[in-house]
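S.K.: Structure file structure_3.cif (mmCIF, C-alpha atoms) right here:
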data_query
loop_
_atom_site.label_atom_id
_atom_site.label_comp_id
_atom_site.auth_asym_id
_atom_site.auth_seq_id
_atom_site.Cartn_x
_atom_site.Cartn_y
_atom_site.Cartn_z
CA MET A 1 9.79 40.97 4.40
CA LYS A 2 10.99 38.03 2.42
CA PRO A 3 8.08 37.78 -0.04
CA ILE A 4 8.54 41.37 -1.14
CA THR A 5 11.92 40.89 -2.72
CA PRO A 6 10.78 38.60 -5.56
CA LEU A 7 7.82 40.90 -6.07
CA LEU A 8 10.08 43.91 -6.41
CA VAL A 9 12.40 42.02 -8.69
CA SER A 10 9.57 40.92 -10.92
CA LEU A 11 8.12 44.42 -10.86
CA ALA A 12 11.46 45.87 -11.91
CA LEU A 13 11.75 43.20 -14.57
CA PHE A 14 8.24 43.99 -15.76
CA VAL A 15 8.98 47.70 -16.01
CA GLY A 16 12.27 46.99 -17.68
CA LEU A 17 10.74 44.63 -20.18
CA PHE A 18 7.60 46.55 -20.95
CA GLY A 19 8.55 50.13 -20.26
CA CYS A 20 9.12 50.83 -23.92
CA ALA A 21 5.83 49.31 -24.95
CA ALA A 22 3.97 51.79 -22.77
CA ASP A 23 5.03 54.51 -25.18
CA SER A 24 2.96 53.00 -27.93
CA ASP A 25 -0.23 52.87 -25.91
CA SER A 26 -2.70 55.68 -25.87
CA ALA A 27 -2.17 56.14 -22.13
CA ALA A 28 -0.19 59.33 -22.56
CA PRO A 29 -1.84 61.60 -25.08
CA GLY A 30 0.56 64.06 -26.64
CA SER A 31 3.43 61.64 -26.78
CA SER A 32 1.73 58.42 -27.84
CA THR A 33 2.40 56.79 -31.15
CA GLY A 34 -0.05 55.27 -33.58
CA VAL A 35 0.06 51.85 -35.17
CA GLY A 36 0.97 50.82 -38.69
CA GLY A 37 0.41 47.65 -40.66
CA SER A 38 2.88 44.81 -41.11
CA LEU A 39 4.09 46.33 -44.37
CA ALA A 40 5.15 49.54 -42.62
CA ARG A 41 8.62 50.90 -43.22
CA PHE A 42 8.54 53.55 -40.47
CA THR A 43 8.18 52.91 -36.77
CA ILE A 44 8.69 54.98 -33.63
CA LEU A 45 10.10 53.76 -30.32
CA GLY A 46 10.40 56.43 -27.64
CA ASP A 47 12.38 59.36 -28.99
CA PHE A 48 13.53 57.55 -32.12
CA LEU A 49 12.11 57.01 -35.58
CA TYR A 50 13.35 53.92 -37.41
CA THR A 51 12.99 53.58 -41.17
CA VAL A 52 13.99 50.88 -43.63
CA ASP A 53 14.77 51.50 -47.28
CA ASN A 54 15.81 48.56 -49.43
CA THR A 55 19.15 47.84 -47.77
CA ARG A 56 19.34 50.10 -44.73
CA LEU A 57 17.95 50.59 -41.24
CA VAL A 58 18.12 54.31 -40.49
CA THR A 59 17.68 55.87 -37.03
CA PHE A 60 16.47 59.43 -36.45
CA ASP A 61 16.49 61.16 -33.07
CA ILE A 62 13.07 62.87 -32.91
CA SER A 63 13.25 64.09 -29.31
CA ASP A 64 12.93 67.59 -30.77
CA PRO A 65 10.43 67.56 -33.69
CA LEU A 66 11.80 70.94 -34.71
CA ALA A 67 15.20 69.40 -35.33
CA PRO A 68 15.14 65.67 -36.09
CA GLU A 69 18.58 64.26 -36.63
CA GLN A 70 19.78 61.15 -38.40
CA VAL A 71 21.98 59.35 -35.89
CA SER A 72 22.84 56.16 -37.75
CA ALA A 73 22.34 54.16 -40.93
CA ILE A 74 23.06 50.44 -40.83
CA ASN A 75 23.40 48.23 -43.89
CA VAL A 76 21.27 45.21 -43.06
CA THR A 77 20.99 43.10 -46.20
CA LEU A 78 19.44 43.35 -49.64
CA GLY A 79 15.69 43.69 -49.91
CA VAL A 80 14.68 45.08 -46.52
CA GLU A 81 10.92 45.47 -46.78
CA THR A 82 9.25 45.90 -43.42
CA ILE A 83 9.89 46.87 -39.81
CA PHE A 84 7.94 45.65 -36.78
CA PRO A 85 8.50 47.01 -33.26
CA LEU A 86 8.45 44.50 -30.39
CA LYS A 87 9.14 46.28 -27.12
CA ASP A 88 12.79 47.27 -27.36
CA HIS A 89 13.42 45.10 -30.42
CA LEU A 90 12.98 45.73 -34.13
CA LEU A 91 12.04 42.82 -36.37
CA LEU A 92 12.91 43.44 -39.99
CA GLY A 93 11.22 41.53 -42.78
CA THR A 94 13.72 41.10 -45.59
CA GLN A 95 13.84 38.97 -48.69
CA ARG A 96 16.51 36.81 -47.05
CA GLY A 97 14.86 36.36 -43.72
CA MET A 98 13.90 38.04 -40.49
CA PHE A 99 16.61 40.19 -38.94
CA ILE A 100 16.35 41.14 -35.27
CA TYR A 101 17.89 44.25 -33.71
CA ARG A 102 17.82 45.39 -30.10
CA VAL A 103 17.51 49.08 -29.39
CA GLY A 104 20.01 50.28 -26.80
CA PRO A 105 19.38 53.06 -24.28
CA ASP A 106 20.92 55.51 -26.75
CA GLY A 107 18.36 54.51 -29.37
CA GLN A 108 20.95 52.77 -31.54
CA PRO A 109 19.92 49.39 -32.97
CA LEU A 110 22.32 46.53 -32.33
CA TYR A 111 22.19 43.33 -34.35
CA VAL A 112 20.93 40.34 -32.36
CA SER A 113 20.15 37.49 -34.73
CA ASN A 114 18.40 36.45 -37.89
CA TYR A 115 16.24 33.69 -39.23
CA GLN A 116 17.26 32.99 -42.82
CA HIS A 117 15.23 31.39 -45.55
CA VAL A 118 15.26 31.14 -49.30
CA VAL A 119 14.63 34.44 -51.06
CA SER A 120 10.97 35.48 -50.94
CA CYS A 121 8.82 38.34 -49.69
CA ASP A 122 8.05 38.30 -46.01
CA PRO A 123 6.52 40.72 -43.54
CA VAL A 124 6.63 39.74 -39.88
CA VAL A 125 4.55 40.22 -36.72
CA ALA A 126 5.37 38.88 -33.28
CA ASN A 127 4.46 38.61 -29.62
CA ASP A 128 6.73 37.75 -26.68
CA THR A 129 7.23 34.16 -27.67
CA PHE A 130 6.60 33.66 -31.37
CA ALA A 131 7.13 35.54 -34.61
CA TYR A 132 4.83 34.89 -37.55
CA VAL A 133 6.32 35.47 -40.99
CA THR A 134 4.60 35.11 -44.33
CA LEU A 135 6.73 34.01 -47.25
CA ARG A 136 5.43 34.73 -50.69
CA VAL A 137 7.00 33.78 -54.00
CA SER A 138 4.19 34.77 -56.35
CA GLU A 139 4.68 38.33 -57.55
CA CYS A 140 7.83 38.57 -55.49
CA ARG A 141 11.00 39.71 -57.17
CA ASP A 142 13.98 37.39 -57.12
CA ALA A 143 12.20 34.56 -55.34
CA GLY A 144 14.69 31.71 -54.96
CA VAL A 145 14.59 28.14 -56.15
CA GLY A 146 12.63 26.03 -53.70
CA ALA A 147 10.86 29.03 -52.20
CA ALA A 148 7.22 28.41 -51.32
CA ASN A 149 4.18 30.33 -50.12
CA THR A 150 4.12 29.67 -46.40
CA LEU A 151 3.33 30.98 -42.96
CA ASP A 152 6.37 30.34 -40.79
CA VAL A 153 6.12 30.19 -37.01
CA ILE A 154 9.39 31.08 -35.33
CA ASP A 155 10.12 30.57 -31.65
CA ILE A 156 11.81 33.74 -30.37
CA ARG A 157 11.81 32.97 -26.66
CA ASN A 158 15.56 32.87 -27.07
CA ILE A 159 15.81 35.93 -29.23
CA GLU A 160 19.50 35.29 -29.83
CA SER A 161 18.59 32.11 -31.67
CA PRO A 162 15.23 32.12 -33.45
CA GLN A 163 13.99 28.62 -34.33
CA LEU A 164 11.48 27.58 -36.97
CA VAL A 165 8.84 25.43 -35.25
CA ASN A 166 6.08 25.23 -37.83
CA GLN A 167 5.41 25.99 -41.46
CA LEU A 168 1.97 26.13 -43.09
CA PRO A 169 1.36 26.21 -46.85
CA MET A 170 -0.50 29.35 -47.92
CA ASP A 171 -2.09 30.94 -51.02
CA GLY A 172 0.33 33.78 -51.76
CA PRO A 173 0.28 35.54 -48.37
CA TYR A 174 0.94 39.28 -47.94
CA GLY A 175 0.64 41.31 -44.74
CA LEU A 176 -0.53 39.92 -41.42
CA GLY A 177 -1.73 41.05 -38.02
CA LEU A 178 -1.77 39.61 -34.50
CA ASP A 179 -4.14 40.27 -31.62
CA GLY A 180 -3.98 37.91 -28.67
CA GLU A 181 -5.02 34.48 -29.89
CA LEU A 182 -6.07 35.65 -33.35
CA LEU A 183 -3.81 35.87 -36.36
CA PHE A 184 -5.02 37.52 -39.56
CA VAL A 185 -3.22 36.76 -42.81
CA CYS A 186 -3.87 38.62 -46.07
CA LEU A 187 -3.91 36.52 -49.23
CA GLY A 188 -4.16 39.26 -51.85
CA VAL A 189 -6.86 38.34 -54.37
CA ASN A 190 -7.33 35.04 -52.53
CA GLY A 191 -8.89 36.77 -49.55
CA LEU A 192 -8.21 36.91 -45.83
CA GLN A 193 -7.53 34.01 -43.51
CA VAL A 194 -8.12 34.05 -39.76
CA PHE A 195 -6.27 31.65 -37.47
CA THR A 196 -6.64 30.89 -33.77
CA LEU A 197 -3.50 30.50 -31.69
CA GLU A 198 -4.63 28.47 -28.72
CA ASP A 199 -1.39 26.64 -29.30
CA PRO A 200 0.73 29.56 -30.54
CA SER A 201 3.06 27.26 -32.44
CA THR A 202 0.16 25.70 -34.38
CA PRO A 203 -2.17 28.22 -36.03
CA VAL A 204 -5.57 26.64 -36.78
CA GLU A 205 -7.81 28.15 -39.45
CA LEU A 206 -10.95 29.67 -37.97
CA LYS A 207 -12.42 31.41 -40.99
CA ARG A 208 -11.55 32.44 -44.49
CA PHE A 209 -13.02 35.41 -46.34
CA GLU A 210 -13.15 35.04 -50.11
CA GLY A 211 -13.85 37.89 -52.49
CA ILE A 212 -11.67 40.34 -50.59
CA ASN A 213 -8.44 41.68 -52.04
CA ALA A 214 -6.45 41.99 -48.82
CA VAL A 215 -2.87 43.23 -48.69
CA ASP A 216 -2.40 44.37 -45.11
CA VAL A 217 -4.29 44.56 -41.82
CA ILE A 218 -4.26 46.44 -38.54
CA PRO A 219 -6.09 44.74 -35.64
CA LEU A 220 -7.55 47.26 -33.18
CA GLU A 221 -9.02 45.37 -30.22
CA GLY A 222 -12.12 44.10 -31.98
CA THR A 223 -12.00 46.03 -35.23
CA LEU A 224 -9.80 44.91 -38.07
CA LEU A 225 -8.69 47.40 -40.71
CA VAL A 226 -8.11 45.60 -43.99
CA VAL A 227 -6.44 47.43 -46.84
CA GLY A 228 -6.15 46.31 -50.44
CA PRO A 229 -5.94 47.91 -53.86
CA GLU A 230 -9.72 48.11 -54.14
CA ALA A 231 -11.04 49.11 -50.75
CA LEU A 232 -10.47 49.84 -47.09
CA LEU A 233 -12.61 47.31 -45.22
CA GLN A 234 -13.40 47.04 -41.54
CA LEU A 235 -14.29 43.80 -39.84
CA ASP A 236 -15.75 43.35 -36.37
CA TYR A 237 -13.96 40.47 -34.64
CA SER A 238 -15.09 41.16 -31.07
CA ASP A 239 -16.98 37.86 -31.32
CA MET A 240 -14.49 35.48 -32.89
CA ASP A 241 -17.26 33.11 -33.89
CA ASP A 242 -19.02 35.84 -35.82
CA ILE A 243 -16.39 37.90 -37.62
CA LYS A 244 -18.10 40.14 -40.14
CA VAL A 245 -17.53 43.07 -42.47
CA ILE A 246 -19.02 46.26 -41.01
CA SER A 247 -17.91 48.90 -43.51
CA GLU A 248 -16.21 49.38 -46.82
CA MET A 249 -14.61 52.49 -48.28
CA SER A 250 -13.97 51.95 -51.96
CA ILE A 251 -11.67 53.49 -54.50
CA GLY A 252 -13.21 56.55 -56.12
CA SER A 253 -15.74 57.10 -53.37
CA MET B 254 3.49 64.03 -86.15
CA LYS B 255 6.01 63.17 -83.52
CA THR B 256 8.88 60.93 -84.57
CA ARG B 257 11.52 59.23 -82.53
CA SER B 258 14.76 61.18 -82.78
CA PRO B 259 18.09 59.36 -83.10
CA LEU B 260 18.90 60.84 -79.73
CA SER B 261 15.91 59.27 -78.05
CA ILE B 262 16.63 55.98 -79.79
CA ALA B 263 20.18 56.15 -78.49
CA ALA B 264 18.84 57.01 -75.06
CA LEU B 265 16.46 54.08 -75.28
CA PHE B 266 19.29 51.71 -76.15
CA LEU B 267 21.34 53.10 -73.31
CA LEU B 268 18.42 52.58 -70.98
CA LEU B 269 17.83 49.07 -72.19
CA SER B 270 21.45 48.08 -72.03
CA THR B 271 21.85 49.55 -68.58
CA PHE B 272 18.76 48.28 -66.86
CA SER B 273 17.34 45.46 -68.82
CA CYS B 274 17.90 41.80 -68.89
CA THR B 275 21.41 41.71 -70.31
CA ASN B 276 22.60 39.49 -67.50
CA SER B 277 19.67 37.15 -67.30
CA PRO B 278 17.70 37.12 -70.53
CA LEU B 279 15.37 34.44 -69.26
CA ARG B 280 14.16 36.51 -66.35
CA GLU B 281 10.45 36.24 -65.84
CA ILE B 282 8.78 39.62 -65.38
CA PRO B 283 6.34 39.42 -62.48
CA ASP B 284 2.74 40.49 -63.02
CA GLU B 285 2.84 42.55 -59.89
CA VAL B 286 5.72 43.42 -57.59
CA VAL B 287 6.76 46.07 -55.11
CA GLY B 288 9.32 48.41 -56.62
CA LEU B 289 10.09 52.02 -57.33
CA ALA B 290 8.25 54.41 -59.63
CA PRO B 291 9.62 57.74 -60.85
CA VAL B 292 8.15 61.07 -59.78
CA TYR B 293 8.49 63.79 -62.40
CA ALA B 294 9.27 67.47 -61.97
CA ALA B 295 6.23 68.17 -64.13
CA ASP B 296 4.17 67.02 -61.19
CA GLY B 297 4.76 70.48 -59.68
CA GLU B 298 6.21 71.79 -56.48
CA TRP B 299 7.19 68.59 -54.75
CA ASP B 300 7.94 70.16 -51.38
CA ASP B 301 4.55 71.85 -51.00
CA ILE B 302 2.78 70.26 -48.05
CA SER B 303 -0.70 71.45 -47.13
CA SER B 304 -4.14 70.55 -45.83
CA GLU B 305 -6.83 70.09 -48.41
CA GLY B 306 -10.45 69.07 -48.38
CA PRO B 307 -11.47 65.42 -48.49
CA ARG B 308 -11.15 63.75 -51.84
CA ALA B 309 -11.79 60.36 -53.37
CA ILE B 310 -9.23 57.62 -52.84
CA GLU B 311 -7.59 56.70 -56.14
CA GLN B 312 -4.65 54.44 -55.37
CA LEU B 313 -4.75 52.92 -51.90
CA ASN B 314 -1.37 52.62 -50.27
CA LYS B 315 -0.57 51.81 -46.63
CA ILE B 316 -2.67 52.71 -43.64
CA TYR B 317 -1.77 54.03 -40.19
CA TYR B 318 -4.07 54.35 -37.20
CA LYS B 319 -4.06 56.77 -34.30
CA ASP B 320 -6.72 58.04 -31.91
CA SER B 321 -9.73 56.96 -34.00
CA LEU B 322 -8.26 58.44 -37.16
CA ILE B 323 -7.12 56.32 -40.09
CA PHE B 324 -4.40 57.83 -42.23
CA VAL B 325 -4.78 56.31 -45.67
CA GLY B 326 -1.87 56.70 -48.06
CA GLU B 327 -2.64 57.92 -51.57
CA ALA B 328 0.39 56.62 -53.46
CA ASN B 329 2.87 59.41 -54.24
CA GLN B 330 0.42 62.17 -53.42
CA GLY B 331 -0.40 62.32 -49.77
CA VAL B 332 -2.54 61.01 -46.97
CA HIS B 333 -6.31 60.88 -46.61
CA ILE B 334 -7.64 61.46 -43.11
CA VAL B 335 -10.56 59.23 -42.19
CA ASP B 336 -12.59 59.81 -39.02
CA ASN B 337 -13.19 56.34 -37.63
CA HIS B 338 -14.97 57.02 -34.36
CA ASP B 339 -17.75 54.88 -35.79
CA PRO B 340 -16.04 52.01 -37.66
CA ALA B 341 -19.35 51.15 -39.33
CA ASN B 342 -19.41 54.63 -40.87
CA PRO B 343 -15.89 55.88 -41.55
CA GLU B 344 -15.80 59.37 -43.00
CA ARG B 345 -13.15 61.10 -45.07
CA ILE B 346 -12.56 64.48 -43.43
CA GLY B 347 -9.47 65.79 -45.17
CA PHE B 348 -6.32 65.23 -47.15
CA ILE B 349 -2.71 66.16 -46.49
CA ALA B 350 -0.94 66.81 -49.79
CA LEU B 351 2.48 65.19 -49.40
CA PRO B 352 4.15 64.65 -52.78
CA GLY B 353 6.19 61.50 -53.18
CA ASN B 354 5.00 60.01 -49.91
CA SER B 355 5.03 56.29 -49.18
CA ASP B 356 5.30 55.94 -45.39
CA ILE B 357 4.30 57.74 -42.22
CA ALA B 358 4.51 57.36 -38.44
CA ILE B 359 2.96 59.60 -35.80
CA LYS B 360 4.02 60.55 -32.30
CA GLY B 361 1.77 62.89 -30.37
CA ASP B 362 0.69 65.61 -32.77
CA VAL B 363 3.68 65.19 -35.07
CA LEU B 364 3.47 63.18 -38.26
CA TYR B 365 6.78 61.98 -39.71
CA ALA B 366 6.73 61.24 -43.41
CA ASN B 367 8.91 60.98 -46.43
CA ASN B 368 8.40 63.83 -48.87
CA LEU B 369 10.34 62.31 -51.76
CA THR B 370 13.98 62.38 -50.62
CA ASP B 371 13.32 64.30 -47.43
CA LEU B 372 12.07 63.40 -43.99
CA VAL B 373 9.53 65.95 -42.81
CA ALA B 374 7.98 66.50 -39.38
CA ILE B 375 4.46 67.91 -39.68
CA ASP B 376 2.35 69.40 -36.90
CA ILE B 377 -1.12 67.84 -37.29
CA SER B 378 -2.71 69.31 -34.14
CA ASN B 379 -4.96 71.28 -36.49
CA LEU B 380 -5.81 68.95 -39.36
CA ASP B 381 -7.34 71.82 -41.32
CA GLU B 382 -4.03 73.62 -41.35
CA VAL B 383 -1.04 71.34 -40.98
CA THR B 384 2.38 72.98 -40.77
CA VAL B 385 5.85 71.66 -41.52
CA LEU B 386 7.98 71.83 -38.38
CA SER B 387 11.25 70.63 -39.87
CA ARG B 388 12.84 68.86 -42.78
CA VAL B 389 15.85 66.53 -43.08
CA SER B 390 17.04 66.81 -46.66
CA ASP B 391 18.11 63.73 -48.58
CA ALA B 392 17.28 61.35 -45.75
CA PHE B 393 16.09 58.80 -48.32
CA PRO B 394 18.64 58.77 -51.13
CA ASN B 395 16.77 56.07 -53.06
CA ALA B 396 14.41 58.84 -54.08
CA GLY B 397 15.47 61.80 -56.19
CA GLN B 398 17.82 60.10 -58.66
CA GLU B 399 17.67 59.58 -62.41
CA VAL B 400 17.88 55.91 -61.60
CA PRO B 401 17.32 54.63 -58.07
CA ALA B 402 20.80 54.70 -56.55
CA ASN B 403 22.10 51.68 -54.69
CA TYR B 404 18.85 49.94 -55.38
CA ILE B 405 18.44 46.31 -56.29
CA GLY B 406 15.13 45.40 -57.79
CA TYR B 407 12.40 46.39 -60.19
CA PHE B 408 11.42 49.92 -61.07
CA GLU B 409 9.16 51.61 -63.57
CA CYS B 410 11.18 52.73 -66.60
CA PRO B 411 11.33 56.55 -66.68
CA ASP B 412 9.50 58.19 -69.55
CA PRO B 413 11.49 61.29 -70.62
CA GLU B 414 8.38 62.80 -72.16
CA LEU B 415 6.84 63.16 -68.73
CA GLY B 416 9.63 65.44 -67.49
CA SER B 417 12.79 64.95 -65.53
CA VAL B 418 12.79 62.52 -62.65
CA ILE B 419 13.00 64.23 -59.28
CA GLY B 420 12.45 61.22 -57.12
CA TRP B 421 11.47 57.63 -56.63
CA VAL B 422 8.66 56.28 -54.55
CA GLU B 423 7.83 52.77 -53.59
CA THR B 424 4.71 51.39 -55.13
CA THR B 425 3.21 48.25 -56.63
CA LEU B 426 4.37 47.79 -60.22
CA LYS B 427 2.58 45.87 -62.94
CA LYS B 428 4.91 43.95 -65.22
CA PRO B 429 7.90 46.31 -64.75
CA GLN B 430 10.37 46.39 -67.61
CA CYS B 431 13.34 47.91 -65.73
CA TRP B 432 15.47 46.57 -62.93
CA GLN B 433 18.93 46.70 -61.50
CA GLU B 434 20.87 43.75 -60.15
#
Represent the structure from my file as structure tokens, please.

M.R.:
Amino acid sequence: MKPITPLLVSLALFVGLFGCAADSDSAAPGSSTGVGGSLARFTILGDFLYTVDNTRLVTFDISDPLAPEQVSAINVTLGVETIFPLKDHLLLGTQRGMFIYRVGPDGQPLYVSNYQHVVSCDPVVANDTFAYVTLRVSECRDAGVGAANTLDVIDIRNIESPQLVNQLPMDGPYGLGLDGELLFVCLGVNGLQVFTLEDPSTPVELKRFEGINAVDVIPLEGTLLVVGPEALLQLDYSDMDDIKVISEMSIGS
Amino acid sequence: MKTRSPLSIAALFLLLSTFSCTNSPLREIPDEVVGLAPVYAADGEWDDISSEGPRAIEQLNKIYYKDSLIFVGEANQGVHIVDNHDPANPERIGFIALPGNSDIAIKGDVLYANNLTDLVAIDISNLDEVTVLSRVSDAFPNAGQEVPANYIGYFECPDPELGSVIGWVETTLKKPQCWQE
């Protein structure tokens, strides 16, 4: 029976690691959650709703939708802008850097670590091993001296100690989205950039769409929702060598 | 003809001295930045939440996706519902009027949203007739103040002629003239 033990251990580890993520899949209708963009300020993990507002991370117990209850409010730092759920972790994009919290069994977020940078605007997305953060100084309040427009790649395999492993210059990046080996980065009026992540620490540009005002994206297994001030676009990326716009819903229509 | 009263001039000076660039006169106003904009009482009953027919999108805010529906934020006003079963032909099928809204998240049939200062839970199982299940008052204190309390950053200067400020919502500002440090 020897071989079974490691299997059981890894199974238990798998369930432990990914149990929370199952909540966000559509496997269980009635209790499943949807998906927001990288600029979202609300996210749901299990029975808890997490919101960020400028300086705070607030936790609501939503186990009973008839009586949601605020259970905590944590002062994080100034300029908290976005929240991204990664299994049982919350990655907060702030103007001072990425702050990581772990959600305990009671739903309460506990501070784990942060990756600090000069003041700029920076949403974040991540997978198990790397976090991708865009830093934007143009049209960003209080951007610090020396701040630049970049895409930062941060190794989070040791989540207690995030490490910057790569930094790419960008044209004023906004929101971003991650699906497997594809990374989509919005560039505002400068368009939308698509990177491949064969080497996840070194994004390589695959395609760039000009003439799109892109602020945030949601990748949906082959369809990319792109939102900007002028239109809601959808791109088909099921064939990564032939990514194309398939629909556009414009302002006023 | 309408003239500026000494009172409004005094109020203007107060406003300028409180929120403007007294500390850093060389501050560069950004062309576009995320900040807060006031919501005025004149806008009507701010806690009325209801289903309405589809309407044109005027000011695109954030989007949220669930079960082939795209929820498209209309800044400060509510959420458009877009049927996206065919991504090549998305169709607006309704609108949830949600004054002062900036963010949402959905679990099951319950949509959680900010309605100005409050957190509301809304049953969306029937999109033609959504119902408010519960409300947590003052969950978001940055909204609902004459100036955004405990807020560091840019905001749109309130215009007293538009009514009293009942809340603040996050939006994209063009060349904002007010901020707090």

S.K.: So the first atom is atom CA of A:Ala231 and the second is atom CA of B:Val286; what is the distance between them in Å, to one decimal place?

M.R.: 19.0 Å

S.K.: Would you mind telling me which residue in B:Gly331, B:Gly326, B:Pro340, B:Gly306 lies nearest to chain A when using only C-alpha atoms?

M.R.: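 For chain A, the nearest of the candidates is B:Pro340.
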
S.K.: Using only C-alpha atoms, find each residue in chain B having at least one atom no more than 6 Å away from chain A; report its shortest atom-to-atom pair and that distance in Å (one decimal), rows by chain then rising number, as a tab-separated table.

M.R.:
residue	atom	partner	partner_atom	distance
B:Pro283	CA	A:Glu139	CA	5.3
B:Glu285	CA	A:Glu139	CA	5.2
B:Val286	CA	A:Glu139	CA	5.2
B:Ala309	CA	A:Gly252	CA	4.9
B:Ile310	CA	A:Ile251	CA	5.1
B:Glu311	CA	A:Ile251	CA	5.4
B:Leu313	CA	A:Pro229	CA	5.5
B:Tyr317	CA	A:Gly36	CA	4.5
B:Tyr318	CA	A:Val35	CA	5.2
B:Lys319	CA	A:Gly34	CA	4.3
B:Ala341	CA	A:Ser247	CA	5.0
B:Ala358	CA	A:Phe42	CA	5.9
B:Ile359	CA	A:Thr33	CA	5.5
B:Lys360	CA	A:Thr33	CA	4.3
B:Gly361	CA	A:Gly30	CA	4.1
B:Leu386	CA	A:Leu66	CA	5.4
B:Ser387	CA	A:Leu66	CA	5.2

S.K.: For atom CA of A:Glu221 and atom CA of A:Asp179, quote the distance in Å rounded to one decimal.

M.R.: 7.2 Å

S.K.: Name the residues, using the chain letters and numbers of the file, that sit within 12 Å of (2.4, 46.4, -60.9) when counting all atoms listed in the file, and give them as a PDB file with C-alpha atoms, keeping the file's coordinate frame.

M.R.:
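Result went into result_33.pdb, see below:
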ATOM      1  CA  GLU A 139       4.680  38.330 -57.550  1.00  0.00           C
ATOM      2  CA  CYS A 140       7.830  38.570 -55.490  1.00  0.00           C
ATOM      3  CA  ARG A 141      11.000  39.710 -57.170  1.00  0.00           C
ATOM      4  CA  PRO A 229      -5.940  47.910 -53.860  1.00  0.00           C
TER       5      PRO A 229
ATOM      6  CA  ILE B 282       8.780  39.620 -65.380  1.00  0.00           C
ATOM      7  CA  PRO B 283       6.340  39.420 -62.480  1.00  0.00           C
ATOM      8  CA  ASP B 284       2.740  40.490 -63.020  1.00  0.00           C
ATOM      9  CA  GLU B 285       2.840  42.550 -59.890  1.00  0.00           C
ATOM     10  CA  VAL B 286       5.720  43.420 -57.590  1.00  0.00           C
ATOM     11  CA  VAL B 287       6.760  46.070 -55.110  1.00  0.00           C
ATOM     12  CA  GLY B 288       9.320  48.410 -56.620  1.00  0.00           C
ATOM     13  CA  LEU B 289      10.090  52.020 -57.330  1.00  0.00           C
ATOM     14  CA  ALA B 290       8.250  54.410 -59.630  1.00  0.00           C
ATOM     15  CA  TYR B 407      12.400  46.390 -60.190  1.00  0.00           C
ATOM     16  CA  PHE B 408      11.420  49.920 -61.070  1.00  0.00           C
ATOM     17  CA  GLU B 409       9.160  51.610 -63.570  1.00  0.00           C
ATOM     18  CA  GLU B 423       7.830  52.770 -53.590  1.00  0.00           C
ATOM     19  CA  THR B 424       4.710  51.390 -55.130  1.00  0.00           C
ATOM     20  CA  THR B 425       3.210  48.250 -56.630  1.00  0.00           C
ATOM     21  CA  LEU B 426       4.370  47.790 -60.220  1.00  0.00           C
ATOM     22  CA  LYS B 427       2.580  45.870 -62.940  1.00  0.00           C
ATOM     23  CA  LYS B 428       4.910  43.950 -65.220  1.00  0.00           C
ATOM     24  CA  PRO B 429       7.900  46.310 -64.750  1.00  0.00           C
ATOM     25  CA  GLN B 430      10.370  46.390 -67.610  1.00  0.00           C
TER      26      GLN B 430
END

S.K.: Check the smallest atom-to-atom distance from each of B:Arg345, B:Val385, B:Val422, B:Gly406 to B:Leu364 using only C-alpha atoms, then report the winner.

M.R.: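 So, comparing all the options, the nearest one is B:Val385.
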
S.K.: Using all atoms listed in the file, pick whichever of A:Leu164, A:Leu135, A:Ile154, A:Met240 has the shortest atom-to-atom distance to A:Gly180.

M.R.: A:Met240

S.K.: Quick one, how far is atom CA of A:Met170 from atom CA of A:Leu206?

M.R.: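 Atom CA of A:Met170 sits 14.4 Å away from atom CA of A:Leu206.
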
S.K.: Got a sec to resolve the PyMOL selection byres ((chain A and resi 91) around 10) on this structure and send the residues as a PDB file with C-alpha atoms, in the frame of the given file?

M.R.:
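This is the output file part-v1.pdb:
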ATOM      1  CA  THR A  82       9.250  45.900 -43.420  1.00  0.00           C
ATOM      2  CA  ILE A  83       9.890  46.870 -39.810  1.00  0.00           C
ATOM      3  CA  PHE A  84       7.940  45.650 -36.780  1.00  0.00           C
ATOM      4  CA  PRO A  85       8.500  47.010 -33.260  1.00  0.00           C
ATOM      5  CA  LEU A  86       8.450  44.500 -30.390  1.00  0.00           C
ATOM      6  CA  HIS A  89      13.420  45.100 -30.420  1.00  0.00           C
ATOM      7  CA  LEU A  90      12.980  45.730 -34.130  1.00  0.00           C
ATOM      8  CA  LEU A  92      12.910  43.440 -39.990  1.00  0.00           C
ATOM      9  CA  GLY A  93      11.220  41.530 -42.780  1.00  0.00           C
ATOM     10  CA  THR A  94      13.720  41.100 -45.590  1.00  0.00           C
ATOM     11  CA  MET A  98      13.900  38.040 -40.490  1.00  0.00           C
ATOM     12  CA  PHE A  99      16.610  40.190 -38.940  1.00  0.00           C
ATOM     13  CA  ILE A 100      16.350  41.140 -35.270  1.00  0.00           C
ATOM     14  CA  TYR A 101      17.890  44.250 -33.710  1.00  0.00           C
ATOM     15  CA  ARG A 102      17.820  45.390 -30.100  1.00  0.00           C
ATOM     16  CA  SER A 113      20.150  37.490 -34.730  1.00  0.00           C
ATOM     17  CA  ASN A 114      18.400  36.450 -37.890  1.00  0.00           C
ATOM     18  CA  PRO A 123       6.520  40.720 -43.540  1.00  0.00           C
ATOM     19  CA  VAL A 124       6.630  39.740 -39.880  1.00  0.00           C
ATOM     20  CA  VAL A 125       4.550  40.220 -36.720  1.00  0.00           C
ATOM     21  CA  ALA A 126       5.370  38.880 -33.280  1.00  0.00           C
ATOM     22  CA  ALA A 131       7.130  35.540 -34.610  1.00  0.00           C
TER      23      ALA A 131
END

S.K.: The PyMOL selection byres ((chain A and resi 186) around 9) - which residues does that actually catch in the file I just gave you? List them as number ranges by chain.

M.R.: A: 172-177, 184-185, 187-194, 213-217, 226
